[in-house]
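Let me begin by presenting the structure, written as structure tokens, before commenting on it.
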Amino acid sequence: MKNLIFSIIVISLLGTSLYSQTSPYPKDKNGNEIKPDWSPSKSTESAFGDDETLNQNSLDEKRLPKSTNFWVYGASIGSPASINFNLGYYWKDIVLRGSGGVWGPQWKGGQIDLGYTFWKTPVISHSISVVGGYFEVNPFAPEVGRGGQSSYPTGLNIPGYNRRDPSQEDLLIRSYINSIDSNVATYLEYESRERQKVHLTQRYIGLTYDFLLGNFFLQLGGGVGQGDYRNPQLLLQMGYLFNTREYHD
């Protein structure tokens, strides 16, 4: 009998505990469950406030600059004129570009590029170009014997000492001056070798790789041609080019 009464008490306690655990809502003083009101006041509202609305513009693709059909202009250093002004146009997969400058009667140059863009994005463009150009330079204090030029003017306006490689007439004049005063002849000979003026020219064609990253421009390649320089020649330009890329609508 005692066991039966103990079993009934245990079962009633367990039943009360399980019932209290099945209800997630608290109760008031009267034992009634306190439940939130889940019914919205409006079709666009809930009991917790306004529902978030999706901005359709947030799903639109960001506008990017055009990858073709734009101008570039700026400056670079390198061939053909040491410091160059650049102007070019990227039309579809074709690149047209000109560069050069004039810095003196014997320091100038120009180059024309016709290229093909084989890979491009709105930021980067890779292309190869066939180039042709011409330049003239008169470098300061050049090393004699380099560049291929056979005749170097001396800068002395004195007959017989105007050319680095004397002719037969120049030798006769120098011999005559030496017979009169050897000191003067030695001095003029020294000045003719020290005050040499070099005027180098070159015409060339070549193949280059062109790289445009944003506004940074790099051109690297090689060329061959006729003039005072030996073949092949290194062709290099590096500079900053502005562009007229517009943004897509």
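Residue numbering restarts at 1 for every chain of the structure tokens, chains are lettered A, B, ... in their displayed order, and ligands are numbered from 1 as they appear.
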- So which residues touch Gln226 (chain A) within 8 Å, counting only C-alpha atoms, skipping near sequence neighbours fewer than 3 positions away, as a ChimeraX atom specification? /A:202-204,229
So that I have them on file, write out the residues from the current selection with C-alpha atoms, as a PDB file, in the first residue's frame.
ATOM      1  CA  GLN A 202      68.373  56.998 -86.837  1.00  0.00           C
ATOM      2  CA  ARG A 203      65.363  55.696 -88.765  1.00  0.00           C
ATOM      3  CA  TYR A 204      63.811  52.482 -87.481  1.00  0.00           C
ATOM      4  CA  TYR A 229      73.233  53.196 -84.263  1.00  0.00           C
TER       5      TYR A 229
END
List every residue of region 66-151 of chain A that has an atom at most 7 Å from any atom of region 238-242 of chain A, and for each one report the closest atom pair and its distance in Å to one decimal, counting only C-alpha atoms, with rows sorted by chain and then by increasing residue number, as a tab-separated table.
residue	atom	partner	partner_atom	distance
A:Val72	CA	A:Phe242	CA	5.5
A:Tyr73	CA	A:Leu241	CA	5.1
A:Gly74	CA	A:Leu241	CA	4.3
A:Ala75	CA	A:Gly239	CA	5.7
A:Ser76	CA	A:Gly239	CA	3.8
A:Ile77	CA	A:Met238	CA	5.6
A:Gly78	CA	A:Met238	CA	6.7
Selection above as a file: N, CA and C atoms, as a JSON list (two decimals), in the first residue's frame:
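After the write, out.json holds the following:
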[["chain", "number", "residue", "atom", "x", "y", "z"],
["A", 72, "VAL", "N", 43.81, 58.71, -75.21],
["A", 72, "VAL", "CA", 44.83, 58.83, -74.16],
["A", 72, "VAL", "C", 45.79, 59.94, -74.56],
["A", 73, "TYR", "N", 46.27, 60.69, -73.57],
["A", 73, "TYR", "CA", 47.22, 61.76, -73.84],
["A", 73, "TYR", "C", 48.05, 61.99, -72.58],
["A", 74, "GLY", "N", 49.32, 62.31, -72.80],
["A", 74, "GLY", "CA", 50.20, 62.53, -71.66],
["A", 74, "GLY", "C", 51.64, 62.66, -72.10],
["A", 75, "ALA", "N", 52.56, 62.22, -71.25],
["A", 75, "ALA", "CA", 53.98, 62.35, -71.51],
["A", 75, "ALA", "C", 54.69, 61.08, -71.06],
["A", 76, "SER", "N", 55.86, 60.85, -71.67],
["A", 76, "SER", "CA", 56.65, 59.67, -71.34],
["A", 76, "SER", "C", 58.13, 60.00, -71.54],
["A", 77, "ILE", "N", 58.96, 59.15, -70.98],
["A", 77, "ILE", "CA", 60.40, 59.24, -71.19],
["A", 77, "ILE", "C", 60.85, 58.02, -71.97],
["A", 78, "GLY", "N", 61.91, 58.20, -72.76],
["A", 78, "GLY", "CA", 62.42, 57.11, -73.58],
["A", 78, "GLY", "C", 62.46, 57.49, -75.04]]
From the list A:Phe135, A:Tyr116, A:Phe85, A:Tyr190, the nearest residue to Thr208 (chain A) using only C-alpha atoms is A:Tyr116
inquiry  = as an MDAnalysis selection string, please: every residue in region 67-194 of chain A that a backbone DSSP assignment puts in strand (DSSP E).
reply    = chainID A and resid 70:78 82:91 94:104 107:120 124:137
Could you pull the residues within 9 Å of Ile94 (chain A), counting only C-alpha atoms, minus those fewer than 4 positions along the same chain, as a PDB file with all heavy atoms, in the first residue's frame?
ATOM      1  N   TYR A  89      44.574  56.664 -79.510  1.00  0.00           N
ATOM      2  CA  TYR A  89      43.149  56.325 -79.476  1.00  0.00           C
ATOM      3  C   TYR A  89      42.996  54.811 -79.495  1.00  0.00           C
ATOM      4  O   TYR A  89      43.591  54.127 -80.342  1.00  0.00           O
ATOM      5  CB  TYR A  89      42.411  56.945 -80.671  1.00  0.00           C
ATOM      6  CG  TYR A  89      40.915  56.797 -80.582  1.00  0.00           C
ATOM      7  CD1 TYR A  89      40.185  57.551 -79.661  1.00  0.00           C
ATOM      8  CD2 TYR A  89      40.224  55.916 -81.402  1.00  0.00           C
ATOM      9  CE1 TYR A  89      38.805  57.426 -79.562  1.00  0.00           C
ATOM     10  CE2 TYR A  89      38.843  55.778 -81.321  1.00  0.00           C
ATOM     11  CZ  TYR A  89      38.139  56.544 -80.399  1.00  0.00           C
ATOM     12  OH  TYR A  89      36.776  56.412 -80.297  1.00  0.00           O
ATOM     13  N   TYR A  90      42.213  54.294 -78.556  1.00  0.00           N
ATOM     14  CA  TYR A  90      41.896  52.870 -78.482  1.00  0.00           C
ATOM     15  C   TYR A  90      40.512  52.674 -79.108  1.00  0.00           C
ATOM     16  O   TYR A  90      39.504  53.042 -78.501  1.00  0.00           O
ATOM     17  CB  TYR A  90      41.910  52.396 -77.036  1.00  0.00           C
ATOM     18  CG  TYR A  90      43.296  52.223 -76.453  1.00  0.00           C
ATOM     19  CD1 TYR A  90      44.077  53.324 -76.130  1.00  0.00           C
ATOM     20  CD2 TYR A  90      43.831  50.958 -76.240  1.00  0.00           C
ATOM     21  CE1 TYR A  90      45.352  53.172 -75.606  1.00  0.00           C
ATOM     22  CE2 TYR A  90      45.099  50.791 -75.716  1.00  0.00           C
ATOM     23  CZ  TYR A  90      45.848  51.897 -75.397  1.00  0.00           C
ATOM     24  OH  TYR A  90      47.113  51.740 -74.878  1.00  0.00           O
ATOM     25  N   LEU A 114      50.987  51.371 -84.541  1.00  0.00           N
ATOM     26  CA  LEU A 114      49.751  50.720 -84.967  1.00  0.00           C
ATOM     27  C   LEU A 114      49.682  49.392 -84.236  1.00  0.00           C
ATOM     28  O   LEU A 114      50.504  48.508 -84.469  1.00  0.00           O
ATOM     29  CB  LEU A 114      49.725  50.504 -86.482  1.00  0.00           C
ATOM     30  CG  LEU A 114      48.509  49.739 -87.023  1.00  0.00           C
ATOM     31  CD1 LEU A 114      47.218  50.473 -86.701  1.00  0.00           C
ATOM     32  CD2 LEU A 114      48.643  49.512 -88.526  1.00  0.00           C
ATOM     33  N   GLY A 115      48.716  49.276 -83.316  1.00  0.00           N
ATOM     34  CA  GLY A 115      48.707  48.121 -82.435  1.00  0.00           C
ATOM     35  C   GLY A 115      47.396  47.356 -82.443  1.00  0.00           C
ATOM     36  O   GLY A 115      46.370  47.806 -82.965  1.00  0.00           O
ATOM     37  N   TYR A 116      47.460  46.165 -81.809  1.00  0.00           N
ATOM     38  CA  TYR A 116      46.297  45.296 -81.649  1.00  0.00           C
ATOM     39  C   TYR A 116      46.186  44.923 -80.176  1.00  0.00           C
ATOM     40  O   TYR A 116      47.146  44.433 -79.574  1.00  0.00           O
ATOM     41  CB  TYR A 116      46.426  44.033 -82.499  1.00  0.00           C
ATOM     42  CG  TYR A 116      45.356  43.001 -82.218  1.00  0.00           C
ATOM     43  CD1 TYR A 116      44.065  43.167 -82.698  1.00  0.00           C
ATOM     44  CD2 TYR A 116      45.644  41.871 -81.449  1.00  0.00           C
ATOM     45  CE1 TYR A 116      43.077  42.225 -82.436  1.00  0.00           C
ATOM     46  CE2 TYR A 116      44.670  40.924 -81.185  1.00  0.00           C
ATOM     47  CZ  TYR A 116      43.389  41.113 -81.684  1.00  0.00           C
ATOM     48  OH  TYR A 116      42.424  40.179 -81.407  1.00  0.00           O
ATOM     49  N   THR A 117      45.023  45.167 -79.589  1.00  0.00           N
ATOM     50  CA  THR A 117      44.786  44.847 -78.179  1.00  0.00           C
ATOM     51  C   THR A 117      44.288  43.411 -78.081  1.00  0.00           C
ATOM     52  O   THR A 117      43.181  43.103 -78.529  1.00  0.00           O
ATOM     53  CB  THR A 117      43.763  45.812 -77.569  1.00  0.00           C
ATOM     54  OG1 THR A 117      44.207  47.155 -77.755  1.00  0.00           O
ATOM     55  CG2 THR A 117      43.594  45.547 -76.095  1.00  0.00           C
ATOM     56  N   SER A 127      48.616  45.066 -75.409  1.00  0.00           N
ATOM     57  CA  SER A 127      48.595  45.114 -76.869  1.00  0.00           C
ATOM     58  C   SER A 127      50.007  44.969 -77.411  1.00  0.00           C
ATOM     59  O   SER A 127      50.996  45.141 -76.695  1.00  0.00           O
ATOM     60  CB  SER A 127      47.961  46.424 -77.363  1.00  0.00           C
ATOM     61  OG  SER A 127      48.661  47.546 -76.843  1.00  0.00           O
TER      62      SER A 127
END
note - CA of Leu171 (chain A) and CA of His199 (chain A) are separated by 23.4 Å
Restricting to only C-alpha atoms, whichever of A:Lys108, A:Pro65, A:Phe118, A:Ile124 is closest to Phe217 (chain A) is A:Ile124
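In this structure, CA of Gly227 (chain A) sits 16.8 Å away from CA of Lys197 (chain A).
Our summary of the geometry notes that CA of Ser67 (chain A) is positioned 20.0 Å from CA of Gly98 (chain A).
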Practice item. Name all residues at most 9 Å from Thr154 (chain A) (count only C-alpha atoms; drop same-chain ones fewer than 2 positions away) and give them as a ChimeraX atom specification. Key: /A:152,156-157,161-164,191-198
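Considering only C-alpha atoms, the residue among A:Leu212, A:Ile34, A:Leu172, A:Leu188 positioned nearest to Val95 (chain A) is A:Leu212.
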